[in-house]
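Let me begin by presenting the structure, written as structure tokens, before commenting on it.
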Number of protein chains: 4
Amino acid sequence: MTHSIAVFGAAGYAGALSARLLQRHPSFALKTVTARSDVGRRLDELYPHHRVGLELEELDLDRHAGVEAAIVAYPHGAAAELVADLVQRGVRVVDLSADFRLRDPEVYAEWYRPHPEPDLLPGAVYGLPERYREQIAGAEIVANPGCYPTATLLALAPLARAGLIGDVVVDAKSGVSGAGRAATDKTHFVTVDENVSAYGIPRHRHTPEIEQELAALGNEIRITFAAHLLPLDQGELVSCYVTPAGTDSGDLQALYREMYEHEPFVELTEQPPGVRDVRETNICRISVHRDDRTGRVLVFAVIDNLWKGAASQAVQNLNLMFGLPEGEGIS
Amino acid sequence: MTHSIAVFGAAGYAGALSARLLQRHPSFALKTVTARSDVGRRLDELYPHHRVGLELEELDLDRHAGVEAAIVAYPHGAAAELVADLVQRGVRVVDLSADFRLRDPEVYAEWYRPHPEPDLLPGAVYGLPERYREQIAGAEIVANPGCYPTATLLALAPLARAGLIGDVVVDAKSGVSGAGRAATDKTHFVTVDENVSAYGIPRHRHTPEIEQELAALGNEIRITFAAHLLPLDQGELVSCYVTPAGTDSGDLQALYREMYEHEPFVELTEQPPGVRDVRETNICRISVHRDDRTGRVLVFAVIDNLWKGAASQAVQNLNLMFGLPEGEGIS
Amino acid sequence: MTHSIAVFGAAGYAGALSARLLQRHPSFALKTVTARSDVGRRLDELYPHHRVGLELEELDLDRHAGVEAAIVAYPHGAAAELVADLVQRGVRVVDLSADFRLRDPEVYAEWYRPHPEPDLLPGAVYGLPERYREQIAGAEIVANPGCYPTATLLALAPLARAGLIGDVVVDAKSGVSGAGRAATDKTHFVTVDENVSAYGIPRHRHTPEIEQELAALGNEIRITFAAHLLPLDQGELVSCYVTPAGTDSGDLQALYREMYEHEPFVELTEQPPGVRDVRETNICRISVHRDDRTGRVLVFAVIDNLWKGAASQAVQNLNLMFGLPEGEGIS
Amino acid sequence: MTHSIAVFGAAGYAGALSARLLQRHPSFALKTVTARSDVGRRLDELYPHHRVGLELEELDLDRHAGVEAAIVAYPHGAAAELVADLVQRGVRVVDLSADFRLRDPEVYAEWYRPHPEPDLLPGAVYGLPERYREQIAGAEIVANPGCYPTATLLALAPLARAGLIGDVVVDAKSGVSGAGRAATDKTHFVTVDENVSAYGIPRHRHTPEIEQELAALGNEIRITFAAHLLPLDQGELVSCYVTPAGTDSGDLQALYREMYEHEPFVELTEQPPGVRDVRETNICRISVHRDDRTGRVLVFAVIDNLWKGAASQAVQNLNLMFGLPEGEGIS
């Protein structure tokens with residue numbers, strides 16, 4: 001039996017990849033793809049390498065009746081209303097935007113704008129499967145984590161759960177696909193090529209999401225987060241510099257092995273991992289190191305920002321929501 | 001009147017660029033280029049874009065008599081002996097290696113190996129012109145700073161001089177030319193392309209050099225330094241995350257303006273700078289930011305690792321040593 | 001039932017990818033991977049992203065008894081002897097080298113060196129499935145085409161079969177993985193980045209292979225072939241400039257549709273295709289155009305040089321040899 | 001004595017680089033920079049690495065009175081009218097657009113649109129200094145060649161002057177800066193990165209310009225020209241495949257040496273040149289080869305499309321127009 005799924009907002013990078021993964025998924029049937037631009041064009045015209053031969057349609061929830069679940073790939077702010085409509089129609093949602101990630105509407109308001117659908121927040125689950133597997137299974141709304149929070153939280157969770165983080169600097173580095181499909185000065189090849197710079201300094205919107213989830217793990221701190229744009233397409237590295245809370249942070253490798261040895265999509269490495277090693281996979285690779293001179297703990301984590309950082313994690317969540325093997329269609 | 005200069009070790013990236021800059025310099029005459037490999041080949045065969053039509057010779061100090069100064073571009077450890085020979089012959093030296101950067105031979109021994117010429121250390125000057133302009137003018141041996149220390153020290157000097165650094169994490173990002181000309185797995189295009197990873201974790205040899213100079217500015221601390229390799233050719237960005245020593249770090253912009261407003265090769269920017277903005281220049285661009293949420297100070301600095309991080313800074317030092325305008329031949 | 005397969009020469013790019021494809025193939029069991037270098041290292045250490053956890057072994061045909069077929073990924077010249085040994089033991093072979101591609105040992109001698117195993121040539125089949133599907137099914141030795149010939153022959157076959165090629169210039173452009181894993185000056189990131197140049201001028205070894213197969217299609221000509229190295233990883237574009245044999249080359253689009261509309265791995269496009277569109281696939285994309293001003297016919301074809309140009313085409317051939325669905329494990 | 005120069009259309013890549021070269025030119029004074037977009041912004045905000053601290057002004061020829069010459073960097077079609085206005089005011093012009101390159105207004109109309117200022121065509125000189133040095137010196141309007149024609153004509157001129165070209169295919173490859181500053185799907189980093197494809201097939205507008213100048217050299221032919229976009233910033237390679245007009249094309253190397261040995265900005269190489277070798281220079285590098293198997297002559301030429309292909313060639317032309325050393329400010 002297959003489940004009927006829609007992707008709303010399939011003209012962007014994450015939505016289009018979601019459509020590709022769903023179309024080849026053995027247990028899901030991709031029923032429709034909609035877009036706010038490019039309506040009437042076929043998806044494989046925009047993204048030949050995805051080979052999804054569906055036409056982008058205008059959003060029309062009446063016509064899309066019958067879908068059991070949807071991936072919503074709308075911009076922050078624009079997603080909430082559509083998600084509300086879907087929930088009312090009984091459609092389960094994985095939302096790629098930030099709209100349902102922050103539990104506290106006041107924090108959302110501080111970093112974005114007043115929340116358009118605050119009543120739905122209590123029913124949303126933060127979609128990091130390695131952390132909320134069981135809650136995701138029963139959720140109506142799954143708030144897919146941002147790409148940076150995905151990598152950062154997987155990097156820091158073992159330390160945070162043990163309350164070991166006194167302070168942390170997260171230096172994040174992303175390929176250009178993370179900036180989205182919009183053609184701007186910032187995404188022009190000539191701007192990015194042979195270049196690197198920080199952006200969104202000093203306040204990046206992924207910060208509160210990371211702090212919320214570290215606190216939920218028992219480690220309530222304020223973090224320093226800085227993002228950088230690199231001349232590559234897909235891939236993301238977070239370099240985390242942790243000042244331990246106490247003097248003895250114990251056997252770090254054991255701490256990480258304990259949390260991750262049975263996780264299908266987390267790999268621990270001895271050497272700092274490279275983003276090529278996880279390109280076009282749902283995998284996060286992590287290495288942890290102690291700097292004996294300073295006592296600091298260094299953690300490096302890499303993901304593919306469009307896969308584990310967006311689309312394949314969304315499918316991983318859908319798998320959980322429908323009681324399917326967690327890695328189906330994304331391994 | 002022109003001064004006769006030699007470049008020893010001109011087959012590598014930094015040596016070859018030094019040769020190019022000297023050959024077009026109005027006050028210097030490039031008398032000879034030597035190499036340990038590729039002897040007998042013309043430099044413009046190895047580096048067509050430098051257009052230096054000299055043949056690489058074997059080292060033979062007797063034949064090179066008459067040079068007034070030399071740039072030595074040998075590997076760490078191999079440089080010291082040659083520098084000693086040159087000094088004995090009265091040739092002034094700018095040494096691109098690490099051999100004369102650390103004042104304390106025990107620190108050198110800890111990070112490299114026992115120092116081969118410890119008696120020469122007291123006579124060497126650390127070749128960061130923005131800091132030691134006057135001492136460089138009279139020096140016999142100028143120890144050209146490493147590329148990472150150049151950017152990091154320029155980024156942190158205003159804070160260090162004011163004693164404001166309580167703790168600092170330096171996340172450094174470099175293009176591949178920083179790894180040198182040797183063809184290895186690590187410099188293969190297919191390894192680097194669409195990739196990024198940390199390396200030299202957790203002990204990078206540029207660390208003690210940075211700590212030494214921060215201490216000399218009055219800020220004695222241990223730093224956390226981590227280097228990353230990026231898929232680009234020339235360019236280096238250091239992202240510095242400073243925990244201030246006190247609660248009030250004052251007017252940061254004024255602090256930086258005060259130190260740098262008359263510096264010909266330092267530019268302050270409001271937005272985090274990109275490495276493209278300084279490509280093939282002797283310029284360092286710096287931006288400083290305060291994160292009000294955490295109290296942390298963020299400083300970003302970019303240089304071209306082969307220019308200000310090596311060859312053009314060497315020429316800047318030579319200019320100072322011969323009483324020439326500091327920017328001659330490198331502006 | 002699965003068939004037991006070996007990959008000999010799995011430390012190189014094409015061999016390693018072959019191992020990855022075979023390991024996940026539903027009807028093949030990857031029994032062993034050997035290498036001439038790196039023996040004792042695990043393949044996933046060299047190629048983390050392939051995730052093949054086998055150790056590279058020394059070649060020892062006695063120990064590898066029981067394999068039904070092998071992919072041989074040895075250099076030109078070195079492959080022939082191993083292939084001969086395998087054939088004698090009844091192992092069917094897909095050979096990635098050039099050693100069995102040229103039917104005439106004198107042509108081989110002219111472009112390479114005297115052929116070490118000329119007696120085996122008559123039994124070898126040229127492994128372009130779109131052309132020799134049936135012969136491949138029964139072959140003992142399948143000579144997997146070179147990457148350039150694969151793209152060029154697919155681009156030109158419809159014209160050649162109709163005898164329409166009077167003359168042709170093939171301007172081929174390849175990513176760096178085509179140059180292999182050896183770290184040299186030519187594959188150093190700094191050499192390739194922001195660069196493009198022709199190489200192997202004026203005689204590239206893929207030329208006779210293309211001429212042989214065009215002649216076999218009925219179009220006996222001498223071609224001009226020039227290869228270029230591009231700053232990208234995987235991907236290859238051949239731009240073919242055909243001077244038609246007669247004055248009327250007819251309905252080109254129909255000619256191509258007729259040959260390719262049922263081919264699972266050939267896609268015809270209206271616009272000139274890009275290599276990104278076929279990255280990590282077994283697909284060749286082709287567009288054909290007539291320049292009315294000059295009468296010339298332009299054909300552009302793209303493949304992934306490591307996939308359709310090597311490893312996935314080898315698996316496609318193995319599928320044919322074992323009577324499996326042609327696209328199994330590579331779609 | 002310095003000459004007062006304006007750059008009209010300085011917000012684009014070629015105009016901005018022209019401004020940079022003029023500002024540092026010893027004999028020119030850059031009086032004003034105008035733009036159609038970005039008026040009021042400083043040029044060094046848009047292009048930090050050019051370090052031209054002038055504000056982009058609105059076009060106002062009355063205010064710009066006093067300039068002796070101008071570089072016009074307007075789009076095709078938009079330039080002609082401005083050039084006409086300037087000529088009427090006695091301002092000499094180097095026009096970077098195609099508007100004055102084609103001598104025959106009917107050819108212009110066929111490839112662009114009806115020519116807006118046909119009366120000015122007879123007074124315009126085609127600005128390829130290696131070919132029209134003397135005419136440029138006295139010209140009112142110099143039509144700066146397109147980037148592809150510059151490289152192609154320098155590659156083919158020795159053959160064309162000897163009437164040796166029977167037929168030619170030009171396969172041209174350009175970096176992304178050739179597509180201009182406009183942010184579009186086609187210039188988005190994610191579109192270009194790890195990609196290559198042909199464009200403008202089968203009719204590229206640079207074709208008639210090349211044919212006109214080959215005819216002027218005595219070789220009247222129709223050429224096949226195809227352009228390709230590469231994942232690099234600046235640089236252009238043209239690969240020319242010449243079918244000789246007769247059976248004996250003689251000593252090719254001598255032919256090229258004879259034409260170019262005294263040219264300051266043309267370098268002949270034995271091996272096919274790479275674009276890196278001419279990056280940020282006014283130099284064209286050329287290699288010529290005979291393929292004995294087919295009798296074809298292969299010529300490869302590289303330039304920097306923004307320098308010799310646009311801005312530095314414009315300055316070279318200005319130098320000629322004002323009787324200055326031809327290489328002043330661009331060597």
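In the structure tokens, chains take letters A, B, ... by order of appearance, with residues numbered from 1 within each chain and ligands from 1 in the order shown.
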(request) Write down as a PyMOL selection string the residues belonging to stretch 72-159 of chain D that are assigned alpha helix (DSSP H) by DSSP computed on the backbone. (result) chain D and resi 79-88+105-111+129-137+147-159
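Taking only C-alpha atoms, the non-local environment of C:Leu156 within 9 Å (same-chain residues fewer than 3 positions away omitted) comprises Ala151, Thr152, Leu153, Leu159, Ala160, Arg161, Ile165, Leu214, Cys240, Val242 and Val299 of chain C.
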(message) When you look at stretch 68-70 of chain D with a cut-off of 6 Å (counting only C-alpha atoms), what residues show up, excluding the ones that are within fewer than 6 positions of it in the same chain? I need them as a list in words.
(response) Ser4, Ile5, Ala6, Val7, Val91, Arg92 and Val93 of chain D
(message) Set the distance at 10 Å and use only C-alpha atoms: which residues neighbour A:Asp99 once local chain neighbours fewer than 4 positions away are removed? I'd like the list as a VMD selection string.
(response) chain A and resid 74 to 81 83 95 103 105 108 112 115 to 118 121 124 143 to 144
Expected file contents, prior selection, N, CA and C atoms, as a compact mmCIF listing (two decimals), in the first residue's frame:
# COMPACT_ATOMS: atom_id res chain seq x y z
N TYR A 74 7.72 26.20 1.78
CA TYR A 74 7.45 27.62 1.60
C TYR A 74 8.46 28.42 2.42
N PRO A 75 8.60 29.70 2.09
CA PRO A 75 9.49 30.54 2.90
C PRO A 75 8.93 30.72 4.32
N HIS A 76 9.85 31.06 5.22
CA HIS A 76 9.43 31.39 6.58
C HIS A 76 8.33 32.43 6.52
N GLY A 77 7.34 32.27 7.35
CA GLY A 77 6.26 33.25 7.39
C GLY A 77 5.12 32.87 6.46
N ALA A 78 5.44 32.46 5.25
CA ALA A 78 4.40 32.09 4.29
C ALA A 78 3.87 30.68 4.54
N ALA A 79 4.63 29.87 5.25
CA ALA A 79 4.24 28.47 5.41
C ALA A 79 3.10 28.28 6.40
N ALA A 80 3.12 29.07 7.47
CA ALA A 80 2.22 28.79 8.60
C ALA A 80 0.75 28.68 8.17
N GLU A 81 0.31 29.60 7.34
CA GLU A 81 -1.10 29.61 6.95
C GLU A 81 -1.46 28.35 6.17
N VAL A 83 0.04 25.49 6.29
CA VAL A 83 0.08 24.36 7.21
C VAL A 83 -1.23 24.29 8.01
N ASP A 95 6.90 20.40 7.62
CA ASP A 95 7.10 21.78 7.18
C ASP A 95 8.59 22.11 7.20
N ARG A 103 9.18 26.74 19.93
CA ARG A 103 7.98 26.46 20.73
C ARG A 103 7.36 27.71 21.31
N PRO A 105 6.15 31.38 20.98
CA PRO A 105 5.83 32.36 19.94
C PRO A 105 6.54 33.70 20.15
N TYR A 108 9.86 33.37 18.52
CA TYR A 108 9.63 33.48 17.06
C TYR A 108 9.48 34.95 16.67
N TYR A 112 11.73 36.58 13.95
CA TYR A 112 11.06 36.66 12.65
C TYR A 112 10.04 37.81 12.69
N HIS A 115 3.89 35.52 15.28
CA HIS A 115 3.56 34.22 14.69
C HIS A 115 2.12 34.21 14.19
N PRO A 116 1.89 33.79 12.94
CA PRO A 116 0.52 33.84 12.40
C PRO A 116 -0.39 32.74 12.94
N GLU A 117 0.15 31.66 13.45
CA GLU A 117 -0.72 30.56 13.90
C GLU A 117 -0.21 29.99 15.24
N PRO A 118 -0.18 30.82 16.26
CA PRO A 118 0.42 30.35 17.53
C PRO A 118 -0.30 29.14 18.14
N LEU A 121 1.30 25.72 17.54
CA LEU A 121 2.66 25.42 18.01
C LEU A 121 2.70 24.23 18.99
N ALA A 124 3.05 20.85 17.32
CA ALA A 124 4.14 20.58 16.38
C ALA A 124 5.30 19.89 17.09
N ALA A 143 8.05 19.93 12.35
CA ALA A 143 8.85 21.09 11.93
C ALA A 143 10.25 20.60 11.60
N ASN A 144 10.49 20.44 10.32
CA ASN A 144 11.82 19.96 9.89
C ASN A 144 12.88 20.97 10.34
Which residues are close to stretch 301-304 of chain C, i.e. within 6 Å by only C-alpha atoms, leaving aside same-chain residues fewer than 3 positions away? Reply as a PDB file with C-alpha atoms, in the first residue's frame.
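Wrote selection_20.pdb, looks like this:
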ATOM      1  CA  ALA C 151      29.820   9.959 -25.616  1.00  0.00           C
ATOM      2  CA  ALA C 155      26.404  11.361 -30.414  1.00  0.00           C
ATOM      3  CA  GLN C 234      32.830  14.385 -12.890  1.00  0.00           C
ATOM      4  CA  GLY C 235      31.301  15.060 -16.274  1.00  0.00           C
ATOM      5  CA  GLU C 236      32.146  15.133 -19.914  1.00  0.00           C
ATOM      6  CA  LEU C 237      30.792  17.017 -22.899  1.00  0.00           C
ATOM      7  CA  VAL C 238      31.618  16.227 -26.518  1.00  0.00           C
ATOM      8  CA  VAL C 275      26.904  17.693 -17.614  1.00  0.00           C
ATOM      9  CA  VAL C 278      23.608  13.454 -15.975  1.00  0.00           C
ATOM     10  CA  ARG C 279      25.892  13.585 -12.954  1.00  0.00           C
ATOM     11  CA  CYS C 284      23.772  10.138 -22.022  1.00  0.00           C
ATOM     12  CA  ARG C 285      21.951  13.313 -23.093  1.00  0.00           C
ATOM     13  CA  ILE C 286      22.197  14.422 -26.704  1.00  0.00           C
ATOM     14  CA  TRP C 307      29.456   6.316 -14.627  1.00  0.00           C
ATOM     15  CA  LYS C 308      28.327   5.854 -18.236  1.00  0.00           C
TER      16      LYS C 308
END
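Using only C-alpha atoms, the protein and nucleic acid residues lying no more than 10 Å from C:Leu255, apart from those fewer than 5 places from it along its own chain, are Ala157, Pro158, Leu159, Arg161, Ala162, Ser249, Gly250, Tyr260 and Val288 of chain C.
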(request) Name the residues of stretch 2-155 of chain D that fall into strand (DSSP E or B) according to DSSP on the backbone, using the chain letters and numbers of this document, as a PyMOL selection string. (result) chain D and resi 3-8+28-34+42+55-57+69-72+92-95+124-126+141-143
Residues of chain C that approach chain B to 12 Å or less, counting only C-alpha atoms: could you list each one with the shortest pair of atoms and its distance in Å to one decimal, rows by chain and increasing residue number, as a tab-separated table?
residue	atom	partner	partner_atom	distance
C:Tyr13	CA	B:Val190	CA	10.1
C:Leu46	CA	B:Asp185	CA	10.0
C:Tyr47	CA	B:Thr191	CA	10.0
C:Pro48	CA	B:Thr191	CA	11.5
C:His49	CA	B:Thr191	CA	11.7
C:Gly175	CA	B:Val190	CA	9.2
C:Val176	CA	B:Val190	CA	6.7
C:Ser177	CA	B:Val190	CA	6.4
C:Gly178	CA	B:Val190	CA	10.0
C:Ala179	CA	B:Val190	CA	9.9
C:Gly180	CA	B:Val190	CA	9.2
C:Arg181	CA	B:His188	CA	7.9
C:Ala182	CA	B:Asp185	CA	7.9
C:Ala183	CA	B:Thr184	CA	5.1
C:Thr184	CA	B:Ala183	CA	5.1
C:Asp185	CA	B:Ala183	CA	5.9
C:Lys186	CA	B:Ala183	CA	8.7
C:Thr187	CA	B:His188	CA	5.5
C:His188	CA	B:His188	CA	4.7
C:Phe189	CA	B:Phe189	CA	4.1
C:Val190	CA	B:Asp233	CA	5.7
C:Thr191	CA	B:Phe189	CA	8.6
C:Val192	CA	B:Phe189	CA	7.1
C:Asp193	CA	B:Asp233	CA	7.0
C:Glu194	CA	B:Asp233	CA	8.5
C:Asn195	CA	B:Asp233	CA	11.2
C:Leu229	CA	B:Phe189	CA	11.7
C:Leu230	CA	B:Phe189	CA	10.7
C:Pro231	CA	B:Phe189	CA	8.2
C:Leu232	CA	B:Asp193	CA	7.5
C:Asp233	CA	B:Val190	CA	5.7
C:Gln234	CA	B:Val190	CA	8.7
(message) At a cut-off of 12 Å, using only C-alpha atoms, what residues contact A:Ile71? Leave out same-chain residues fewer than 4 positions from it and give the result as number ranges by chain.
(response) A: 4-10, 14-19, 21-22, 30-34, 67, 79, 82-83, 86, 91-97, 140-144, 310-318
(request) State, in Å with one decimal place, the distance from atom CA of A:Lys173 to atom CA of B:His206. (result) 21.9 Å
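Coordinates place atom CA of A:Gly309 at a distance of 11.3 Å from atom CA of A:Leu154.
Separating atom CA of D:Asn282 from atom CA of D:Ala254 is a distance of 23.5 Å.
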